[in-house]
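Chemist: This is data.pdb (PDB, C-alpha atoms and all ligand atoms).
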```pdb
ATOM      1  CA  MET R  26       2.236  27.852  14.777
ATOM      2  CA  ALA R  27       5.739  26.411  14.459
ATOM      3  CA  LYS R  28       6.208  24.347  11.347
ATOM      4  CA  ASP R  29       8.249  21.650  13.023
ATOM      5  CA  LEU R  30       5.569  20.965  15.598
ATOM      6  CA  THR R  31       4.190  17.459  15.148
ATOM      7  CA  LEU R  32       0.473  16.742  15.247
ATOM      8  CA  LYS R  33       1.077  14.959  18.542
ATOM      9  CA  ASP R  34       2.833  17.995  20.083
ATOM     10  CA  HIS R  35       0.029  20.222  18.899
ATOM     11  CA  THR R  36      -2.607  17.847  20.234
ATOM     12  CA  PHE R  37      -0.894  17.649  23.612
ATOM     13  CA  SER R  38      -0.786  21.436  23.955
ATOM     14  CA  GLU R  39      -4.457  21.617  22.911
ATOM     15  CA  LEU R  40      -5.428  18.932  25.425
ATOM     16  CA  LYS R  41      -3.900  21.051  28.183
ATOM     17  CA  ARG R  42      -6.616  23.645  27.597
ATOM     18  CA  LEU R  43      -8.758  21.336  29.748
ATOM     19  CA  ALA R  44      -6.091  20.879  32.434
ATOM     20  CA  HIS R  45      -8.281  22.642  35.002
ATOM     21  CA  VAL R  46     -11.053  20.037  34.761
ATOM     22  CA  ARG R  47     -11.240  17.441  37.530
ATOM     23  CA  GLY R  48      -9.967  14.089  36.336
ATOM     24  CA  PHE R  49      -7.568  15.503  33.739
ATOM     25  CA  PRO R  50      -5.399  12.516  32.753
ATOM     26  CA  LYS R  51      -2.111  12.393  34.626
ATOM     27  CA  GLU R  52      -0.602   9.070  33.627
ATOM     28  CA  ALA R  53       1.241   8.666  30.361
ATOM     29  CA  LYS R  54      -1.023   5.812  29.279
ATOM     30  CA  ALA R  55      -4.201   7.814  29.889
ATOM     31  CA  ILE R  56      -2.760  10.913  28.170
ATOM     32  CA  GLN R  57      -1.827   8.735  25.224
ATOM     33  CA  ASP R  58      -5.448   7.509  24.970
ATOM     34  CA  TYR R  59      -6.695  11.093  24.739
ATOM     35  CA  LEU R  60      -4.039  12.076  22.222
ATOM     36  CA  MET R  61      -4.956   9.136  20.005
ATOM     37  CA  ALA R  62      -8.649   9.996  20.283
ATOM     38  CA  LEU R  63      -8.072  13.644  19.365
ATOM     39  CA  MET R  64      -5.707  12.754  16.537
ATOM     40  CA  VAL R  65      -8.541  10.943  14.788
ATOM     41  CA  MET R  66      -9.136  14.489  13.506
ATOM     42  CA  GLU R  67      -5.925  14.067  11.450
ATOM     43  CA  THR R  68      -5.025  17.750  11.117
ATOM     44  CA  PHE R  69      -3.911  20.603  13.383
ATOM     45  CA  GLU R  70      -7.064  22.531  12.504
ATOM     46  CA  GLY R  71      -9.254  19.510  13.139
ATOM     47  CA  VAL R  72      -7.791  18.878  16.582
ATOM     48  CA  THR R  73      -8.182  22.548  17.473
ATOM     49  CA  ALA R  74     -11.805  22.604  16.277
ATOM     50  CA  LEU R  75     -12.689  19.580  18.400
ATOM     51  CA  MET R  76     -10.924  21.090  21.413
ATOM     52  CA  ASP R  77     -12.845  24.343  20.862
ATOM     53  CA  ASP R  78     -16.020  22.331  21.283
ATOM     54  CA  LEU R  79     -14.752  20.438  24.299
ATOM     55  CA  ALA R  80     -13.478  23.624  25.926
ATOM     56  CA  SER R  81     -16.835  25.366  25.472
ATOM     57  CA  THR R  82     -18.508  22.827  27.764
ATOM     58  CA  GLU R  83     -18.485  23.192  31.555
ATOM     59  CA  TRP R  84     -17.200  19.778  32.491
ATOM     60  CA  ILE R  85     -17.753  18.561  36.040
ATOM     61  CA  ASP R  86     -15.609  15.523  35.395
ATOM     62  CA  PHE R  87     -13.184  15.037  32.571
ATOM     63  CA  PRO R  88     -14.871  13.446  29.512
ATOM     64  CA  GLN R  89     -13.983   9.842  28.776
ATOM     65  CA  ALA R  90     -11.415   9.195  26.042
ATOM     66  CA  ALA R  91     -13.975   6.956  24.308
ATOM     67  CA  MET R  92     -16.380   9.882  24.110
ATOM     68  CA  VAL R  93     -13.739  12.178  22.673
ATOM     69  CA  ARG R  94     -12.928   9.489  20.117
ATOM     70  CA  ARG R  95     -16.596   9.135  19.170
ATOM     71  CA  MET R  96     -16.912  12.902  18.700
ATOM     72  CA  ALA R  97     -13.826  12.872  16.497
ATOM     73  CA  TYR R  98     -15.224  10.056  14.366
ATOM     74  CA  GLU R  99     -18.552  11.825  13.978
ATOM     75  CA  ARG R 100     -16.800  14.986  12.833
ATOM     76  CA  THR R 101     -14.548  13.226  10.353
ATOM     77  CA  GLU R 102     -17.279  11.075   8.850
ATOM     78  CA  ALA R 103     -17.987  13.566   6.075
ATOM     79  CA  LEU R 104     -14.278  13.663   5.330
ATOM     80  CA  ARG R 105     -14.113   9.887   5.057
ATOM     81  CA  LYS R 106     -17.205   9.800   2.845
ATOM     82  CA  GLN R 107     -15.740  12.392   0.543
ATOM     83  CA  ARG R 108     -12.541  10.413   0.417
ATOM     84  CA  ALA R 109     -14.419   7.234  -0.429
ATOM     85  CA  ALA R 110     -15.737   9.107  -3.439
ATOM     86  CA  CYS R 111     -12.259  10.149  -4.582
ATOM     87  CA  ALA R 112     -11.651   8.731  -8.026
ATOM     88  CA  GLU R 113      -7.900   9.059  -7.736
ATOM     89  CA  CYS R 114      -7.275   6.890  -4.710
ATOM     90  CA  GLY R 115     -10.549   4.996  -4.342
ATOM     91  CA  GLY R 116     -10.896   6.391  -0.854
ATOM     92  CA  SER R 117      -7.689   5.076   0.658
ATOM     93  CA  GLY R 118      -6.124   8.539   0.859
ATOM     94  CA  PHE R 119      -3.033   7.133  -0.825
ATOM     95  CA  LYS R 120      -2.021   6.772  -4.429
ATOM     96  CA  THR R 121       0.510   4.340  -5.795
ATOM     97  CA  VAL R 122       3.222   5.938  -7.884
ATOM     98  CA  TRP R 123       6.033   4.241  -9.753
ATOM     99  CA  PHE R 124       9.695   5.036 -10.044
ATOM    100  CA  LEU R 125      12.467   3.735 -12.217
ATOM    101  CA  THR R 126      15.405   3.111  -9.922
ATOM    102  CA  THR R 127      18.856   2.877 -11.439
ATOM    103  CA  TYR R 128      21.531   1.116  -9.410
ATOM    104  CA  HIS R 129      25.293   1.380  -9.591
ATOM    105  CA  GLY R 130      26.176  -1.549 -11.838
ATOM    106  CA  MET R 131      24.607  -4.701 -10.437
ATOM    107  CA  SER R 132      24.778  -3.444  -6.837
ATOM    108  CA  LEU R 133      21.861  -2.559  -4.607
ATOM    109  CA  ALA R 134      23.109   1.008  -4.174
ATOM    110  CA  PRO R 135      20.629   3.276  -5.935
ATOM    111  CA  LYS R 136      22.080   5.870  -8.251
ATOM    112  CA  LYS R 137      18.866   7.663  -9.129
ATOM    113  CA  HIS R 138      15.087   7.477  -8.921
ATOM    114  CA  GLU R 139      12.967   8.793 -11.754
ATOM    115  CA  ARG R 140       9.245   9.186 -11.410
ATOM    116  CA  LEU R 141       7.408   7.235 -14.139
ATOM    117  CA  ARG R 142       4.642   9.700 -14.842
ATOM    118  CA  ASP R 143       3.102   7.712 -17.672
ATOM    119  CA  ILE R 144       2.496   4.652 -15.551
ATOM    120  CA  HIS R 145      -0.843   4.628 -13.799
ATOM    121  CA  SER R 146      -1.449   1.022 -12.825
ATOM    122  CA  GLN R 147       0.375  -2.060 -11.596
ATOM    123  CA  GLY R 148      -0.392  -3.690 -14.947
ATOM    124  CA  GLU R 149       1.423  -0.937 -16.816
ATOM    125  CA  ALA R 150       4.278  -1.151 -14.319
ATOM    126  CA  ASP R 151       4.521  -4.919 -14.901
ATOM    127  CA  ASP R 152       4.545  -4.445 -18.672
ATOM    128  CA  PHE R 153       7.310  -1.883 -18.388
ATOM    129  CA  SER R 154       9.278  -4.184 -16.060
ATOM    130  CA  ARG R 155       9.150  -6.940 -18.676
ATOM    131  CA  VAL R 156      10.408  -4.633 -21.413
ATOM    132  CA  LEU R 157      13.159  -3.455 -19.082
ATOM    133  CA  GLN R 158      14.147  -7.037 -18.256
ATOM    134  CA  VAL R 159      14.446  -7.913 -21.945
ATOM    135  CA  TRP R 160      16.621  -4.844 -22.463
ATOM    136  CA  MET R 161      18.836  -5.722 -19.484
ATOM    137  CA  ASP R 162      19.240  -9.294 -20.734
ATOM    138  CA  ASP R 163      20.529  -7.832 -24.002
ATOM    139  CA  ASN R 164      22.760  -5.327 -22.201
ATOM    140  CA  PRO R 165      24.341  -7.244 -19.310
ATOM    141  CA  LYS R 166      26.951  -4.547 -18.624
ATOM    142  CA  ALA R 167      24.412  -1.768 -18.119
ATOM    143  CA  ASP R 168      23.446  -0.437 -14.705
ATOM    144  CA  ARG R 169      20.665  -2.515 -13.211
ATOM    145  CA  GLN R 170      17.259  -0.816 -13.286
ATOM    146  CA  MET R 171      14.046  -1.687 -11.515
ATOM    147  CA  VAL R 172      10.493  -0.434 -11.457
ATOM    148  CA  VAL R 173       9.517   0.235  -7.852
ATOM    149  CA  SER R 174       6.238   1.423  -6.412
ATOM    150  CA  ALA R 175       5.671   3.837  -3.543
ATOM    151  CA  ALA R 176       2.671   5.288  -1.745
ATOM    152  CA  GLU R 177       1.988   8.979  -2.041
ATOM    153  CA  ASN R 178      -0.566  11.036  -0.126
ATOM    154  CA  CYS R 179      -3.572  11.698  -2.336
ATOM    155  CA  ALA R 180      -4.546  15.350  -2.724
ATOM    156  CA  CYS R 181      -7.974  14.539  -1.253
ATOM    157  CA  ARG R 182      -6.350  14.199   2.186
ATOM    158  CA  ASN R 183      -5.879  17.963   2.292
ATOM    159  CA  ARG R 184      -8.702  19.117   0.079
ATOM    160  CA  VAL R 185     -11.583  18.657   2.478
ATOM    161  CA  SER R 186     -12.148  20.755   5.528
ATOM    162  CA  VAL R 187     -12.873  18.738   8.618
ATOM    163  CA  LEU R 188     -15.310  21.376   9.795
ATOM    164  CA  GLN R 189     -18.858  20.430   8.988
TER
HETATM  165 ZN    ZN Z   1      -7.967  10.613  -3.012
END
```
Transcribe the structure of this file into structure tokens.
Modeler:
Amino acid sequence: MAKDLTLKDHTFSELKRLAHVRGFPKEAKAIQDYLMALMVMETFEGVTALMDDLASTEWIDFPQAAMVRRMAYERTEALRKQRAACAECGGSGFKTVWFLTTYHGMSLAPKKHERLRDIHSQGEADDFSRVLQVWMDDNPKADRQMVVSAAENCACRNRVSVLQ
């Protein structure tokens, strides 16, 4: 599997495994509906596993996109439950991380970003921002620095197999 293949490309090529079934979507809008339904699976392996199931059925008419979507949701339910139990991200699948961004002088052009590994909450980030502000007030010629937050994928997004 090529590394630069997007999930959408992969899903489209998987969908074509059912191209022989009567009623296979032909219009871009309809194809898009099926791609979105299949991509509920979130991963290459997940999409393939769902297509394996779909391809093992002798369809007389092409299954409705809504049905494919429902199957995908049923299969990923365990994944979502496990994620909801993740202590690191509280189930969102994302973690907030903080960086200290240093700008060139007082400009908005960033010079460097340093990950603040000791900061684990917005409260801690706010406290650090205040300390930084006091320091900058005392050192008006220094490069401007700011605490910025960013979202990072939580490890739990990859940890759980979508196969039940
Ligand atoms: Zn998590």
Chemist: Can you pull out the residues contacting Gln158 (chain R)? Cut-off 12 Å, using only C-alpha atoms, and skip same-chain residues under 2 positions away; I want them as a list of chain:residue names.
Modeler: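 The residues that qualify are R:Asp151, R:Asp152, R:Phe153, R:Ser154, R:Arg155, R:Val156, R:Trp160, R:Met161, R:Asp162, R:Asp163, R:Asn164, R:Pro165, R:Ala167, R:Asp168, R:Arg169, R:Gln170, R:Met171, R:Val172.
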Chemist: Tell me which of R:Ala91, R:Ala44, R:Val159, R:Val122 sits closest to His145 (chain R), counting all atoms listed in the file.
Modeler: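 The answer is R:Val122, which sits nearest to His145 (chain R).
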Chemist: I need the residue nearest Leu104 (chain R) from this list: R:Glu67, R:Glu52, R:Glu177, R:Glu149. Use all atoms listed in the file for the distance.
Modeler: R:Glu67
Chemist: Report the distance between CA of Leu125 (chain R) and CA of Asn178 (chain R) in Å, rounded to one decimal place.
Modeler: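 Computing it gives 19.2 Å between the two atoms.
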Chemist: Residues within 9 Å of ligand ZN 1 (chain Z) (all atoms listed in the file), as number ranges by chain?
Modeler: R: 107-120, 178-182
Chemist: Save out the residues we just selected, C-alpha atoms, as a compact mmCIF listing (two decimals), keeping the file's coordinate frame.
Modeler:
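Final output, again03.txt:
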```
# COMPACT_ATOMS: atom_id res chain seq x y z
CA GLN R 107 -15.74 12.39 0.54
CA ARG R 108 -12.54 10.41 0.42
CA ALA R 109 -14.42 7.23 -0.43
CA ALA R 110 -15.74 9.11 -3.44
CA CYS R 111 -12.26 10.15 -4.58
CA ALA R 112 -11.65 8.73 -8.03
CA GLU R 113 -7.90 9.06 -7.74
CA CYS R 114 -7.28 6.89 -4.71
CA GLY R 115 -10.55 5.00 -4.34
CA GLY R 116 -10.90 6.39 -0.85
CA SER R 117 -7.69 5.08 0.66
CA GLY R 118 -6.12 8.54 0.86
CA PHE R 119 -3.03 7.13 -0.82
CA LYS R 120 -2.02 6.77 -4.43
CA ASN R 178 -0.57 11.04 -0.13
CA CYS R 179 -3.57 11.70 -2.34
CA ALA R 180 -4.55 15.35 -2.72
CA CYS R 181 -7.97 14.54 -1.25
CA ARG R 182 -6.35 14.20 2.19
```
Chemist: Step by step, work through what the PyMOL selection byres (((chain R and resi 142) around 12) and not hetatm) selects in the shown file, and finish by giving those residues as a PyMOL selection string.
Modeler: chain R and resi 121-125+139-141+143-146+149-150+174
Chemist: Can you tell me which residues surround region 74-88 of chain R at a distance of at most 10 Å, considering only C-alpha atoms, apart from same-chain residues fewer than 3 positions away, and format the answer as a ChimeraX atom specification?
Modeler: /R:36,39-50,59,63-64,66,68-71,91-93,96-97,100,187-188
Chemist: Would you mind reading off the distance between CA of Phe37 (chain R) and CA of Ala176 (chain R), one decimal, in Å?
Modeler: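 Computing the Euclidean distance for CA of Phe37 (chain R) and CA of Ala176 (chain R) yields 28.4 Å.
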Chemist: To one decimal in Å, tell me the separation between CA of Asp34 (chain R) and CA of Arg95 (chain R).
Modeler: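 That distance, rounded to one decimal, is 21.4 Å.
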Chemist: Please identify all polymer residues within 6 Å of region 136-138 of chain R, counting only C-alpha atoms, omitting same-chain residues fewer than 4 positions from it, and present them as a list in words.
Modeler: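 With the cut-off at 6 Å, the set is Leu125, Thr126, Thr127, Tyr128 and His129 of chain R.
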Chemist: From the options R:Gly130, R:Pro135, R:Leu157, R:Thr101, which residue's atoms come nearest to Val65 (chain R), counting all atoms listed in the file?
Modeler: R:Thr101
